[in-house]
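One structure below.
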Amino acid sequence: MANFQGSIYSPVSRIHSLVSRIYLLGALSVAGLITNTINIIVFIRLGLHDAVNVSLLGLAVSDIFSMIFLLLESACFNPMFQNIGLPFALMEVQFIVGGWPHICFTRVVSWVTAFITFERCLCIALTLKVKTIITATRAKIAVVVIFLVVAGSAAPEFYVNQFVWKFYPGKNTSLIGLKFIEHRERFENVTFVLNNVLMQFVAFIAVIICTIILVVKLNEKTKWRSTTARGDNTETISSKDRKVVKMISFISSLFIISYLPSSVLFVAMAVRRDFHPSGYFNMFHVTWSFAFVLEGVNSTITLFVYINMSSKFNRMFYRTFLGRDVDKKAKHIQSDK
């Protein structure tokens, strides 16, 4: 599959790689690390007795690890690091040290997002029973299982690609690089389809279906609530739950938009086996740079979604990082009026 030697950028793709893979992805990765660190702190301070908080904390953790390895990939593409005489073949090492771990954590992001949207679907369908079906403890177990399953599905990739000392004639020196074990293709044919096509698309389709259900059912219940005065709590959802559903629907929609390009590219790689670094080198890197930028944006902006759409998160954020209570300030303004 991947052949890292002899890969040459065209002038256009070199400029694109410099701008998107190094500067833009580097900036997005750092921003994502900061915003998700804030998310983690706020959710921990809010407490993990609520299933939604647990799931969103799991999403923030997977996002922050995804950004760590995306930042590592961005650094590896930087010519400054490629020309300082490191004792290893930088692009080969980043394939395993940066590329595959990044893929693993984006899978975790996908499945945690799918779990969150599924839990909100149950909230609408089984309003009075959902808190007994998906408890905080069960949400913790679900998130941990997602991490472990994704890690297990990618483990063979780390077995078939091994680090060894190799001689590079172009540099006239020996460096640490990748060695592919015998029958590597057989392993990768399975791991690629399992991890990058099957697992990605099942989670992606699940998020789409659950998001559509959330939007449709929320609109139905909102219309029903506005046209009846019975006040039957068994037929509608609370104002608090409606706000949570709206926030989760928005997060899921952002996920769908951001992860659609990478999902399509993985299918293209499965259909066209030459669509990889040793085949369509320039097209491969340009298209994936675009996909990585969208993934970085998705992982970075969740903080601002929570601040604007979750009153609890908003209050705790201001209390933790700005040292002031938004509610008290609002009451003071009202009393002045």
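Going through the structure tokens in order, the chains are called A, B, and so on, while each chain numbers its residues from 1 and the ligands are numbered from 1 in the order shown.
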
Practice problem: Tell me which protein, DNA and RNA residues are within 7 Å of stretch 45-61 of chain A, counting only C-alpha atoms, leaving out same-chain ones fewer than 5 positions away, and put them as a list in words. | Solution: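 Neighbouring residues, sequence-local ones excluded: Asn36, Asn39, Ile40, Val109, Val112, Ile116, Ile134, Thr135, Ala136, Ala139, Lys140 and Val143 of chain A.
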
How would the residues just picked look written out with all heavy atoms as a compact mmCIF listing (two decimals), in the first residue's frame?
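Saved result, result_9.txt, follows:
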```txt
# COMPACT_ATOMS: atom_id res chain seq x y z
N ASN A 36 -10.89 22.15 23.85
CA ASN A 36 -11.33 20.88 24.44
C ASN A 36 -10.79 20.68 25.85
O ASN A 36 -11.41 19.99 26.65
CB ASN A 36 -10.93 19.71 23.54
CG ASN A 36 -11.85 19.57 22.35
OD1 ASN A 36 -12.99 19.16 22.48
ND2 ASN A 36 -11.37 19.94 21.17
N ASN A 39 -13.37 22.44 27.67
CA ASN A 39 -14.57 21.58 27.74
C ASN A 39 -14.44 20.53 28.84
O ASN A 39 -15.38 20.31 29.62
CB ASN A 39 -14.78 20.88 26.40
CG ASN A 39 -15.26 21.83 25.31
OD1 ASN A 39 -15.74 22.92 25.60
ND2 ASN A 39 -15.12 21.41 24.07
N ILE A 40 -13.29 19.88 28.90
CA ILE A 40 -13.07 18.83 29.89
C ILE A 40 -13.16 19.39 31.30
O ILE A 40 -13.82 18.81 32.18
CB ILE A 40 -11.70 18.15 29.65
CG1 ILE A 40 -11.73 17.33 28.36
CG2 ILE A 40 -11.33 17.25 30.84
CD1 ILE A 40 -10.38 16.80 27.93
N VAL A 109 -14.54 9.68 18.05
CA VAL A 109 -15.41 10.84 17.92
C VAL A 109 -16.71 10.45 17.22
O VAL A 109 -17.82 10.83 17.64
CB VAL A 109 -14.71 11.98 17.13
CG1 VAL A 109 -15.71 13.08 16.77
CG2 VAL A 109 -13.56 12.55 17.94
N VAL A 112 -18.84 8.06 19.59
CA VAL A 112 -19.39 8.77 20.75
C VAL A 112 -20.50 9.72 20.31
O VAL A 112 -21.54 9.84 20.97
CB VAL A 112 -18.28 9.55 21.49
CG1 VAL A 112 -18.88 10.44 22.58
CG2 VAL A 112 -17.28 8.58 22.12
N ILE A 116 -24.35 9.62 21.56
CA ILE A 116 -25.04 10.79 22.11
C ILE A 116 -26.36 11.04 21.39
O ILE A 116 -27.40 11.28 22.02
CB ILE A 116 -24.13 12.03 22.02
CG1 ILE A 116 -22.92 11.88 22.94
CG2 ILE A 116 -24.91 13.29 22.39
CD1 ILE A 116 -21.87 12.96 22.76
N ILE A 134 -30.49 4.74 30.23
CA ILE A 134 -29.10 5.19 30.04
C ILE A 134 -28.73 6.06 31.23
O ILE A 134 -28.99 7.27 31.26
CB ILE A 134 -28.94 5.96 28.71
CG1 ILE A 134 -29.32 5.07 27.54
CG2 ILE A 134 -27.49 6.44 28.57
CD1 ILE A 134 -29.12 5.70 26.18
N THR A 135 -28.11 5.43 32.21
CA THR A 135 -27.66 6.15 33.40
C THR A 135 -26.24 6.66 33.17
O THR A 135 -25.59 6.33 32.17
CB THR A 135 -27.66 5.22 34.61
OG1 THR A 135 -26.75 4.12 34.36
CG2 THR A 135 -29.06 4.64 34.86
N ALA A 136 -25.75 7.47 34.11
CA ALA A 136 -24.39 7.99 34.00
C ALA A 136 -23.37 6.86 33.99
O ALA A 136 -22.39 6.89 33.24
CB ALA A 136 -24.12 8.95 35.15
N ALA A 139 -23.42 5.16 30.66
CA ALA A 139 -22.78 6.04 29.68
C ALA A 139 -21.26 5.95 29.79
O ALA A 139 -20.55 5.92 28.77
CB ALA A 139 -23.25 7.48 29.88
N LYS A 140 -20.74 5.90 31.01
CA LYS A 140 -19.30 5.75 31.21
C LYS A 140 -18.80 4.43 30.61
O LYS A 140 -17.76 4.39 29.93
CB LYS A 140 -18.96 5.79 32.70
CG LYS A 140 -19.20 7.13 33.36
CD LYS A 140 -18.99 7.05 34.87
CE LYS A 140 -19.38 8.35 35.55
NZ LYS A 140 -19.27 8.28 37.04
N VAL A 143 -18.78 4.66 26.74
CA VAL A 143 -17.67 5.46 26.21
C VAL A 143 -16.36 4.68 26.29
O VAL A 143 -15.57 4.66 25.33
CB VAL A 143 -17.55 6.80 26.98
CG1 VAL A 143 -16.27 7.53 26.58
CG2 VAL A 143 -18.76 7.68 26.69
```

Exercise. Please provide as an NGL selection string all residues within 10 Å of A:Ala154, with the sequence filter that same-chain residues fewer than 2 positions apart are discarded (counting only C-alpha atoms).
Key: :A and (100-101 or 103-104 or 149-152 or 156-159 or 188 or 191-192 or 194-196)

Preceding selection exported with all heavy atoms as a short mmCIF file (atom, residue, chain, number, x, y, z; two decimals), in the first residue's frame:
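Saved the output as selection-v1.cif:
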```
data_model
loop_
_atom_site.label_atom_id
_atom_site.label_comp_id
_atom_site.auth_asym_id
_atom_site.auth_seq_id
_atom_site.Cartn_x
_atom_site.Cartn_y
_atom_site.Cartn_z
N TRP A 100 -2.21 6.96 12.01
CA TRP A 100 -3.17 5.95 12.48
C TRP A 100 -3.78 6.27 13.85
O TRP A 100 -4.98 6.08 14.05
CB TRP A 100 -2.52 4.56 12.49
CG TRP A 100 -2.86 3.80 11.24
CD1 TRP A 100 -2.10 3.66 10.12
CD2 TRP A 100 -4.09 3.13 10.97
NE1 TRP A 100 -2.77 2.93 9.17
CE2 TRP A 100 -3.99 2.59 9.66
CE3 TRP A 100 -5.26 2.93 11.68
CZ2 TRP A 100 -5.02 1.86 9.06
CZ3 TRP A 100 -6.30 2.20 11.10
CH2 TRP A 100 -6.16 1.68 9.81
N PRO A 101 -3.01 6.80 14.81
CA PRO A 101 -3.67 7.22 16.06
C PRO A 101 -4.72 8.30 15.83
O PRO A 101 -5.77 8.29 16.47
CB PRO A 101 -2.50 7.74 16.91
CG PRO A 101 -1.33 6.98 16.42
CD PRO A 101 -1.54 6.84 14.94
N ILE A 103 -6.55 8.64 13.14
CA ILE A 103 -7.71 7.93 12.58
C ILE A 103 -8.49 7.24 13.69
O ILE A 103 -9.73 7.29 13.73
CB ILE A 103 -7.26 6.91 11.52
CG1 ILE A 103 -6.77 7.65 10.26
CG2 ILE A 103 -8.40 5.95 11.17
CD1 ILE A 103 -6.18 6.74 9.21
N CYS A 104 -7.77 6.61 14.61
CA CYS A 104 -8.44 5.90 15.72
C CYS A 104 -9.31 6.84 16.53
O CYS A 104 -10.47 6.52 16.84
CB CYS A 104 -7.40 5.24 16.63
SG CYS A 104 -6.60 3.79 15.92
N VAL A 149 -12.88 -0.81 21.72
CA VAL A 149 -13.22 -1.47 20.46
C VAL A 149 -12.48 -0.85 19.29
O VAL A 149 -11.93 -1.54 18.42
CB VAL A 149 -14.75 -1.44 20.22
CG1 VAL A 149 -15.07 -1.90 18.80
CG2 VAL A 149 -15.46 -2.33 21.22
N VAL A 150 -12.44 0.48 19.25
CA VAL A 150 -11.73 1.17 18.17
C VAL A 150 -10.24 0.85 18.22
O VAL A 150 -9.61 0.59 17.19
CB VAL A 150 -11.97 2.69 18.25
CG1 VAL A 150 -11.07 3.42 17.26
CG2 VAL A 150 -13.43 3.01 17.96
N ALA A 151 -9.67 0.86 19.43
CA ALA A 151 -8.25 0.53 19.57
C ALA A 151 -7.98 -0.89 19.11
O ALA A 151 -6.98 -1.16 18.41
CB ALA A 151 -7.81 0.72 21.03
N GLY A 152 -8.86 -1.83 19.46
CA GLY A 152 -8.68 -3.22 19.05
C GLY A 152 -8.79 -3.41 17.54
O GLY A 152 -8.06 -4.20 16.95
N PRO A 156 -4.09 -4.43 14.52
CA PRO A 156 -3.31 -5.13 13.50
C PRO A 156 -2.44 -4.21 12.65
O PRO A 156 -1.38 -4.63 12.17
CB PRO A 156 -4.39 -5.82 12.64
CG PRO A 156 -5.55 -6.00 13.57
CD PRO A 156 -5.52 -4.79 14.45
N GLU A 157 -2.88 -2.97 12.46
CA GLU A 157 -2.09 -2.03 11.65
C GLU A 157 -0.74 -1.75 12.29
O GLU A 157 0.26 -1.57 11.60
CB GLU A 157 -2.87 -0.72 11.47
CG GLU A 157 -2.26 0.22 10.46
CD GLU A 157 -2.35 -0.29 9.04
OE1 GLU A 157 -3.30 -1.04 8.73
OE2 GLU A 157 -1.45 0.05 8.24
N PHE A 158 -0.68 -1.74 13.61
CA PHE A 158 0.57 -1.50 14.31
C PHE A 158 1.44 -2.76 14.34
O PHE A 158 2.63 -2.68 14.63
CB PHE A 158 0.29 -1.00 15.73
CG PHE A 158 -0.41 0.32 15.77
CD1 PHE A 158 -1.80 0.40 15.78
CD2 PHE A 158 0.30 1.50 15.76
CE1 PHE A 158 -2.45 1.62 15.81
CE2 PHE A 158 -0.34 2.74 15.78
CZ PHE A 158 -1.72 2.79 15.80
N TYR A 159 0.85 -3.90 14.05
CA TYR A 159 1.61 -5.15 13.98
C TYR A 159 2.27 -5.32 12.61
O TYR A 159 3.42 -5.76 12.52
CB TYR A 159 0.68 -6.34 14.26
CG TYR A 159 1.29 -7.68 13.93
CD1 TYR A 159 2.31 -8.20 14.71
CD2 TYR A 159 0.83 -8.42 12.84
CE1 TYR A 159 2.88 -9.44 14.39
CE2 TYR A 159 1.38 -9.64 12.51
CZ TYR A 159 2.41 -10.14 13.30
OH TYR A 159 2.97 -11.36 12.98
N GLU A 188 -4.05 -5.75 6.03
CA GLU A 188 -4.56 -4.40 5.78
C GLU A 188 -5.86 -4.41 5.00
O GLU A 188 -6.67 -3.49 5.15
CB GLU A 188 -3.50 -3.57 5.04
CG GLU A 188 -2.35 -3.15 5.94
CD GLU A 188 -1.69 -1.88 5.44
OE1 GLU A 188 -1.76 -1.61 4.23
OE2 GLU A 188 -1.12 -1.16 6.28
N THR A 191 -8.21 -4.79 7.98
CA THR A 191 -8.24 -3.66 8.91
C THR A 191 -8.74 -2.39 8.23
O THR A 191 -9.45 -1.60 8.85
CB THR A 191 -6.84 -3.40 9.51
OG1 THR A 191 -5.91 -3.17 8.44
CG2 THR A 191 -6.39 -4.57 10.34
N PHE A 192 -8.37 -2.20 6.96
CA PHE A 192 -8.81 -0.99 6.27
C PHE A 192 -10.32 -0.98 6.09
O PHE A 192 -10.98 0.01 6.40
CB PHE A 192 -8.13 -0.88 4.90
CG PHE A 192 -8.46 0.39 4.18
CD1 PHE A 192 -7.71 1.54 4.39
CD2 PHE A 192 -9.54 0.47 3.31
CE1 PHE A 192 -8.02 2.72 3.76
CE2 PHE A 192 -9.86 1.64 2.66
CZ PHE A 192 -9.09 2.78 2.89
N LEU A 194 -12.53 -2.76 7.76
CA LEU A 194 -13.17 -2.76 9.08
C LEU A 194 -13.14 -1.39 9.73
O LEU A 194 -14.17 -0.85 10.15
CB LEU A 194 -12.50 -3.79 9.99
CG LEU A 194 -12.99 -3.83 11.45
CD1 LEU A 194 -14.45 -4.24 11.52
CD2 LEU A 194 -12.12 -4.78 12.28
N ASN A 195 -11.94 -0.79 9.79
CA ASN A 195 -11.76 0.44 10.56
C ASN A 195 -12.17 1.68 9.79
O ASN A 195 -12.80 2.59 10.35
CB ASN A 195 -10.29 0.57 11.00
CG ASN A 195 -10.12 1.52 12.16
OD1 ASN A 195 -10.34 2.70 12.03
ND2 ASN A 195 -9.74 0.98 13.31
N ASN A 196 -11.82 1.75 8.52
CA ASN A 196 -11.99 2.99 7.78
C ASN A 196 -13.25 3.05 6.93
O ASN A 196 -13.66 4.14 6.52
CB ASN A 196 -10.78 3.25 6.88
CG ASN A 196 -9.52 3.47 7.68
OD1 ASN A 196 -9.56 3.94 8.80
ND2 ASN A 196 -8.39 3.09 7.13
#
```

Quiz item: What residues in stretch 90-304 of chain A get the DSSP label strand (DSSP E or B)? Please answer as an MDAnalysis selection string.
Solution: chainID A and resid 161:168 173:180

Just-selected residues, N, CA, C and O atoms written as a CSV table (one decimal), in the first residue's frame:
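The file below, selection-v8.csv, is the result:
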```csv
chain,number,residue,atom,x,y,z
A,161,ASN,N,3.1,-3.0,10.5
A,161,ASN,CA,4.1,-2.0,10.2
A,161,ASN,C,5.1,-1.8,11.3
A,161,ASN,O,4.7,-1.4,12.4
A,162,GLN,N,6.3,-2.2,11.1
A,162,GLN,CA,7.3,-2.2,12.2
A,162,GLN,C,8.5,-1.3,11.9
A,162,GLN,O,8.8,-1.1,10.7
A,163,PHE,N,9.1,-0.8,12.9
A,163,PHE,CA,10.2,0.2,12.8
A,163,PHE,C,11.5,-0.6,12.8
A,163,PHE,O,11.8,-1.4,13.6
A,164,VAL,N,12.4,-0.3,11.8
A,164,VAL,CA,13.7,-1.0,11.6
A,164,VAL,C,14.6,0.1,11.1
A,164,VAL,O,14.2,1.1,10.5
A,165,TRP,N,15.9,-0.2,11.2
A,165,TRP,CA,16.9,0.6,10.5
A,165,TRP,C,17.0,0.2,9.0
A,165,TRP,O,17.1,-0.9,8.7
A,166,LYS,N,16.9,1.3,8.2
A,166,LYS,CA,16.9,1.1,6.7
A,166,LYS,C,17.9,2.0,6.1
A,166,LYS,O,18.1,3.1,6.6
A,167,PHE,N,18.5,1.6,5.0
A,167,PHE,CA,19.5,2.4,4.2
A,167,PHE,C,18.7,3.2,3.2
A,167,PHE,O,18.0,2.6,2.4
A,168,TYR,N,18.9,4.5,3.1
A,168,TYR,CA,18.2,5.3,2.1
A,168,TYR,C,19.3,5.9,1.1
A,168,TYR,O,20.1,6.8,1.5
A,173,THR,N,22.4,7.3,3.9
A,173,THR,CA,22.5,7.1,5.3
A,173,THR,C,21.5,6.1,5.7
A,173,THR,O,20.5,5.8,5.0
A,174,SER,N,21.6,5.6,6.9
A,174,SER,CA,20.6,4.7,7.5
A,174,SER,C,19.8,5.4,8.5
A,174,SER,O,20.3,6.2,9.3
A,175,LEU,N,18.4,5.2,8.4
A,175,LEU,CA,17.5,5.8,9.3
A,175,LEU,C,16.5,4.8,9.8
A,175,LEU,O,16.3,3.8,9.2
A,176,ILE,N,15.8,5.2,10.8
A,176,ILE,CA,14.7,4.3,11.3
A,176,ILE,C,13.5,4.6,10.4
A,176,ILE,O,13.1,5.7,10.2
A,177,GLY,N,13.0,3.5,9.8
A,177,GLY,CA,11.9,3.6,8.9
A,177,GLY,C,10.9,2.4,9.1
A,177,GLY,O,11.1,1.6,10.0
A,178,LEU,N,9.9,2.3,8.2
A,178,LEU,CA,8.9,1.3,8.3
A,178,LEU,C,9.4,0.0,7.5
A,178,LEU,O,9.9,0.1,6.4
A,179,LYS,N,9.1,-1.1,8.1
A,179,LYS,CA,9.3,-2.4,7.4
A,179,LYS,C,7.9,-3.1,7.5
A,179,LYS,O,7.3,-3.2,8.5
A,180,PHE,N,7.5,-3.5,6.3
A,180,PHE,CA,6.2,-4.2,6.2
A,180,PHE,C,6.4,-5.7,6.3
A,180,PHE,O,7.2,-6.3,5.6
```

Quiz item: Quick one: DSSP alpha helix (DSSP H) residues in stretch 14-115 of chain A, as a ChimeraX atom specification?
Solution: /A:14-16,25-46,51-76,79-82,90-94,100-115

Quiz prompt | For atom CA of A:Arg120 and atom CA of A:Val197, the interatomic separation in Å (one decimal) | solution = 25.5 Å

Quiz item: Can you tell me, as JSON, numbers by chain, what residues are no more than 7 Å from stretch 246-251 of chain A when counting only C-alpha atoms, ignoring any on the same chain fewer than 5 positions away?
Solution: {"A": [117, 211, 214, 215, 309]}

Residues from last step as file, N, CA and C atoms, as a PDB file, in the first residue's frame:
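The resulting again_38.pdb:
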```pdb
ATOM      1  N   THR A 117     -26.341  10.974  20.048  1.00  0.00           N
ATOM      2  CA  THR A 117     -27.581  11.211  19.297  1.00  0.00           C
ATOM      3  C   THR A 117     -28.594  10.099  19.550  1.00  0.00           C
ATOM      4  N   THR A 211     -30.032  12.027  13.920  1.00  0.00           N
ATOM      5  CA  THR A 211     -30.200  13.473  13.834  1.00  0.00           C
ATOM      6  C   THR A 211     -31.509  13.829  13.134  1.00  0.00           C
ATOM      7  N   LEU A 214     -34.252  13.184  15.568  1.00  0.00           N
ATOM      8  CA  LEU A 214     -34.278  14.233  16.585  1.00  0.00           C
ATOM      9  C   LEU A 214     -34.977  15.483  16.078  1.00  0.00           C
ATOM     10  N   VAL A 215     -34.603  15.930  14.888  1.00  0.00           N
ATOM     11  CA  VAL A 215     -35.167  17.161  14.338  1.00  0.00           C
ATOM     12  C   VAL A 215     -36.663  17.005  14.082  1.00  0.00           C
ATOM     13  N   MET A 309     -25.467  27.403  23.716  1.00  0.00           N
ATOM     14  CA  MET A 309     -26.678  26.585  23.700  1.00  0.00           C
ATOM     15  C   MET A 309     -26.939  25.838  25.000  1.00  0.00           C
TER      16      MET A 309
END
```

Exercise. Return the single residue from A:Met91, A:Asp241, A:Met80, A:Leu25 that is closest to A:Cys123, with distances computed using only C-alpha atoms.
Key: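 Looking at the shortest contact to A:Cys123, the residue is A:Asp241.
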
Practice problem: Between A:Leu218, A:Ile307, A:Leu18, A:Leu322, single out the one closest to A:Ser74, counting only C-alpha atoms. | Solution: A:Leu18

Quiz item: When distances are computed from only C-alpha atoms, which of A:Trp288, A:Ser263, A:Leu33, A:Ile133 shows the smallest separation from A:Leu198?
Solution: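 When distances to A:Leu198 are compared using only C-alpha atoms, the smallest one comes from A:Ser263.
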
Practice problem: Would you mind listing what lies within 12 Å of A:Ile257 as number ranges by chain, with only C-alpha atoms counted and same-chain residues fewer than 3 positions away left out? | Solution: A: 204, 207-208, 250-254, 260-264, 291, 293-295, 297-298

Go ahead and save the residues from that selection, with C-alpha atoms, as a compact mmCIF listing (two decimals), in the first residue's frame.
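Written out: part-v6.txt:
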```txt
# COMPACT_ATOMS: atom_id res chain seq x y z
CA PHE A 204 -21.81 8.09 10.20
CA VAL A 207 -25.60 9.87 13.35
CA ILE A 208 -27.50 10.94 10.21
CA PHE A 250 -26.57 21.06 16.11
CA ILE A 251 -23.40 19.18 17.16
CA SER A 252 -24.46 16.15 15.10
CA SER A 253 -25.15 18.31 12.05
CA LEU A 254 -21.69 19.85 12.33
CA LEU A 260 -18.52 13.67 5.05
CA PRO A 261 -15.35 14.37 2.98
CA SER A 262 -13.18 11.90 4.93
CA SER A 263 -15.89 9.24 4.73
CA VAL A 264 -16.07 9.67 0.94
CA ALA A 291 -10.81 16.74 5.07
CA VAL A 293 -9.19 20.98 8.09
CA LEU A 294 -12.92 20.24 8.45
CA GLU A 295 -12.22 17.68 11.19
CA VAL A 297 -12.85 22.89 12.73
CA ASN A 298 -15.41 20.40 14.09
```
